[in-house]
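**Q** This structure is in structure tokens; I'll ask about it shortly.
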Amino acid sequence: MMSNLLIRFRVLGFASVLWILGGSVAEAGLLMAGGILTNEFDGTDRFLRRYSFDGQMTDELQLTFDDVYGPGFSMAVVGSRVFVATGGFGGLNGGRNILEVDTNSGLASFAFAHGGALDPTPRLTAIGSNLLISTKQSGTANLQEYTAAGAFVGFYAVPDVFPYRNAEDVAYANGEISLWGNANTGADPIGFFEAKQDLELDRSFTPPISASLFDIDEMSGDLWIMQGRRNFLRGREGEGFEGRFLSRSNVQGFAVLTTAVPEPGTFTLLLSGLPFVAVVLWRRSARRA
């Protein structure tokens, strides 16, 4: 009977762990954790596409844009919401629109207008549960934080020096804002800054390719960078990069869908309940004996 009790206890405990792990990740589909979500041109069509880290395309969603607002460029994922930034110097709100994509229908509709500089290729990334928008004009970078509802949170002052005042892309991970600078000549470094109002360079390193798009996996620390608009490479700060896969078409923006893990409190809750489960099973076994 004791052996049966132990077996039941182990199975129940294992099932509980799997249930918690399963509930902690994003729902299956485009936003399933542990992959790359892209905003791609495919001829005249636009798609959101999800790739696994080894390059298998697992999901896609064709996008539609209102003529006034579209098309979208850089993108960011905030929780279960997907945003894209529009560029250009004209149109409604002067090309400062942030759109939200309905991940069921593919419709990209107006979310809010930001107050940054006009920029034909604005950059967008998630900063916690908010959005970080990077724009540049006449060599001066503008880095502003907004809530997902469009409320202005604050700005970050980028050093008015090359190569970061006209950064090509922005990322955020683990309390640091990262800017991929544009040195105009020579190699283009990625600079790491503590996320405070006046950015001060903490460290930098130079990837093996020219300035393009990048993002950081908060869980693993991996950097994903792009060569051109299709080739994804993965590496780490100060280390080499390896080519991972080619996207199906030209990428305008992408986001790393970080692999989710249970919060520490979740494990505590699970462990605190196991003794109770053991007592219940013990009493049932004793009554049957």
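Ligands are numbered from 1 in the order shown, residues from 1 within each chain, and chains are lettered A, B, ... in the order they appear in the structure tokens.
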As number ranges by chain, please: the residues near stretch 241-245 of chain A (cut-off 8 Å, only C-alpha atoms, same-chain neighbours under 4 positions excluded).

**A** A: 53-55, 207-208, 231-236

**Q** Quick one: residues within 10 Å of A:His114, only C-alpha atoms, excluding same-chain residues fewer than 6 positions away - as a VMD selection string?

**A** chain A and resid 85 93 95 to 98 133 144 to 146 150 to 152

**Q** Under the rule that only C-alpha atoms are counted, which of A:Gly79, A:Gly253, A:Gly43, A:Pro163 is the nearest residue to A:Leu124?

**A** A:Gly253

**Q** Tell me, as an MDAnalysis selection string, which residues lie within 8 Å of A:Gln197, counting only C-alpha atoms; anything in the same chain fewer than 3 positions away does not count.

**A** chainID A and resid 155:157

**Q** Taking the DSSP secondary structure from the backbone, can you list the residues of stretch 128-281 of chain A that are strand (DSSP E), as a ChimeraX atom specification?

**A** /A:130-137,140-147,152-156,169-173,176-180,190-194,201-205,214-216,223-227,231-235,241-246,250-257

**Q** I need the residue nearest A:Met75 from this list: A:Gly116, A:Gly238, A:Pro122, A:Pro159. Use only C-alpha atoms for the distance.

**A**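 Once distances to A:Met75 are computed over only C-alpha atoms, the minimum belongs to A:Pro122.
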
**Q** Using Å and a single decimal, report how far atom CA of A:Tyr69 sits from atom CA of A:Pro120.

**A**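 Between these atoms lies a distance of 13.3 Å.
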
**Q** What lies within 10 Å of A:Ile127 using only C-alpha atoms, ignoring chain neighbours under 3 positions off, as a PyMOL selection string?

**A** chain A and resi 76-78+124+130-133+145-147+171-177+195

**Q** Atom CA of A:Tyr51 to atom CA of A:Thr135: how many Å, to one decimal?

**A**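 Between atom CA of A:Tyr51 and atom CA of A:Thr135 the gap is 27.4 Å.
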
**Q** Set the distance at 10 Å and use only C-alpha atoms: which residues neighbour A:Leu37 once local chain neighbours fewer than 2 positions away are removed? I'd like the list as a list in words.

**A**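 Near A:Leu37, the qualifying residues are Leu30, Leu31, Met32, Ala33, Gly34, Gly35, Asn39, Glu40, Leu48, Arg49, Arg50, Tyr51, Ser52, Met57, Asp59, Glu60, Met75, Ala76, Val77, Val82, Gly253, Phe254, Ala255, Val256 and Leu257 of chain A.
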
**Q** Based on the selection just made, write N, CA and C atoms of those residues as a PDB file, in the first residue's frame.

**A**
ATOM      1  N   LEU A  30       0.459  32.413 -32.683  1.00  0.00           N
ATOM      2  CA  LEU A  30       1.425  33.460 -32.985  1.00  0.00           C
ATOM      3  C   LEU A  30       2.246  33.892 -31.779  1.00  0.00           C
ATOM      4  N   LEU A  31       1.626  33.950 -30.614  1.00  0.00           N
ATOM      5  CA  LEU A  31       2.300  34.487 -29.438  1.00  0.00           C
ATOM      6  C   LEU A  31       2.786  33.408 -28.483  1.00  0.00           C
ATOM      7  N   MET A  32       2.867  32.186 -28.953  1.00  0.00           N
ATOM      8  CA  MET A  32       3.387  31.121 -28.100  1.00  0.00           C
ATOM      9  C   MET A  32       4.827  31.438 -27.719  1.00  0.00           C
ATOM     10  N   ALA A  33       5.149  31.291 -26.458  1.00  0.00           N
ATOM     11  CA  ALA A  33       6.475  31.656 -25.971  1.00  0.00           C
ATOM     12  C   ALA A  33       7.553  30.774 -26.583  1.00  0.00           C
ATOM     13  N   GLY A  34       8.756  31.335 -26.662  1.00  0.00           N
ATOM     14  CA  GLY A  34       9.888  30.557 -27.139  1.00  0.00           C
ATOM     15  C   GLY A  34      10.058  30.584 -28.644  1.00  0.00           C
ATOM     16  N   GLY A  35      10.038  31.768 -29.248  1.00  0.00           N
ATOM     17  CA  GLY A  35      10.211  31.869 -30.695  1.00  0.00           C
ATOM     18  C   GLY A  35      10.407  33.315 -31.112  1.00  0.00           C
ATOM     19  N   ASN A  39       7.250  40.920 -38.464  1.00  0.00           N
ATOM     20  CA  ASN A  39       6.358  41.696 -39.314  1.00  0.00           C
ATOM     21  C   ASN A  39       7.030  41.746 -40.675  1.00  0.00           C
ATOM     22  N   GLU A  40       6.458  41.060 -41.687  1.00  0.00           N
ATOM     23  CA  GLU A  40       7.152  40.843 -42.950  1.00  0.00           C
ATOM     24  C   GLU A  40       6.389  41.380 -44.155  1.00  0.00           C
ATOM     25  N   LEU A  48       2.203  38.787 -40.094  1.00  0.00           N
ATOM     26  CA  LEU A  48       2.883  38.419 -38.864  1.00  0.00           C
ATOM     27  C   LEU A  48       3.201  36.939 -38.988  1.00  0.00           C
ATOM     28  N   ARG A  49       4.468  36.584 -38.720  1.00  0.00           N
ATOM     29  CA  ARG A  49       4.863  35.180 -38.789  1.00  0.00           C
ATOM     30  C   ARG A  49       5.632  34.814 -37.532  1.00  0.00           C
ATOM     31  N   ARG A  50       5.353  33.631 -37.034  1.00  0.00           N
ATOM     32  CA  ARG A  50       6.081  33.133 -35.864  1.00  0.00           C
ATOM     33  C   ARG A  50       6.998  32.006 -36.303  1.00  0.00           C
ATOM     34  N   TYR A  51       8.271  32.104 -35.888  1.00  0.00           N
ATOM     35  CA  TYR A  51       9.260  31.067 -36.151  1.00  0.00           C
ATOM     36  C   TYR A  51       9.732  30.487 -34.820  1.00  0.00           C
ATOM     37  N   SER A  52       9.948  29.194 -34.795  1.00  0.00           N
ATOM     38  CA  SER A  52      10.623  28.613 -33.644  1.00  0.00           C
ATOM     39  C   SER A  52      12.076  29.050 -33.671  1.00  0.00           C
ATOM     40  N   MET A  57       8.741  27.908 -39.449  1.00  0.00           N
ATOM     41  CA  MET A  57       7.598  28.811 -39.387  1.00  0.00           C
ATOM     42  C   MET A  57       6.383  28.030 -38.909  1.00  0.00           C
ATOM     43  N   ASP A  59       3.321  29.636 -37.531  1.00  0.00           N
ATOM     44  CA  ASP A  59       2.038  30.336 -37.657  1.00  0.00           C
ATOM     45  C   ASP A  59       2.237  31.590 -38.499  1.00  0.00           C
ATOM     46  N   GLU A  60       1.171  31.997 -39.181  1.00  0.00           N
ATOM     47  CA  GLU A  60       1.204  33.272 -39.889  1.00  0.00           C
ATOM     48  C   GLU A  60      -0.178  33.885 -39.915  1.00  0.00           C
ATOM     49  N   MET A  75       7.921  46.579 -34.725  1.00  0.00           N
ATOM     50  CA  MET A  75       6.822  46.023 -33.935  1.00  0.00           C
ATOM     51  C   MET A  75       7.297  45.671 -32.539  1.00  0.00           C
ATOM     52  N   ALA A  76       6.322  45.516 -31.632  1.00  0.00           N
ATOM     53  CA  ALA A  76       6.613  45.132 -30.256  1.00  0.00           C
ATOM     54  C   ALA A  76       5.452  44.299 -29.724  1.00  0.00           C
ATOM     55  N   VAL A  77       5.760  43.386 -28.818  1.00  0.00           N
ATOM     56  CA  VAL A  77       4.750  42.549 -28.171  1.00  0.00           C
ATOM     57  C   VAL A  77       4.723  42.913 -26.692  1.00  0.00           C
ATOM     58  N   VAL A  82      -0.027  43.076 -29.745  1.00  0.00           N
ATOM     59  CA  VAL A  82       1.001  43.341 -30.745  1.00  0.00           C
ATOM     60  C   VAL A  82       0.799  44.744 -31.302  1.00  0.00           C
ATOM     61  N   GLY A 253      10.280  44.322 -38.773  1.00  0.00           N
ATOM     62  CA  GLY A 253      10.439  44.365 -37.328  1.00  0.00           C
ATOM     63  C   GLY A 253      10.236  42.975 -36.772  1.00  0.00           C
ATOM     64  N   PHE A 254      10.840  42.700 -35.597  1.00  0.00           N
ATOM     65  CA  PHE A 254      10.624  41.397 -34.979  1.00  0.00           C
ATOM     66  C   PHE A 254      10.755  41.530 -33.470  1.00  0.00           C
ATOM     67  N   ALA A 255      10.233  40.526 -32.764  1.00  0.00           N
ATOM     68  CA  ALA A 255      10.306  40.490 -31.307  1.00  0.00           C
ATOM     69  C   ALA A 255      10.591  39.062 -30.875  1.00  0.00           C
ATOM     70  N   VAL A 256      11.474  38.919 -29.889  1.00  0.00           N
ATOM     71  CA  VAL A 256      11.734  37.604 -29.303  1.00  0.00           C
ATOM     72  C   VAL A 256      10.623  37.294 -28.316  1.00  0.00           C
ATOM     73  N   LEU A 257       9.972  36.153 -28.508  1.00  0.00           N
ATOM     74  CA  LEU A 257       8.934  35.693 -27.586  1.00  0.00           C
ATOM     75  C   LEU A 257       9.617  34.830 -26.530  1.00  0.00           C
TER      76      LEU A 257
END

**Q** Can you tell me how far atom CA of A:Ala108 sits from atom CA of A:Gly72, in Å to one decimal?

**A** 8.3 Å

**Q** Hey, what's within 8 Å of A:Asp45 if we count only C-alpha atoms and toss same-chain stuff fewer than 3 positions away? As a list in words, please?

**A**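 So the residues in contact are Phe41, Asp42, Gln62 and Leu63 of chain A.
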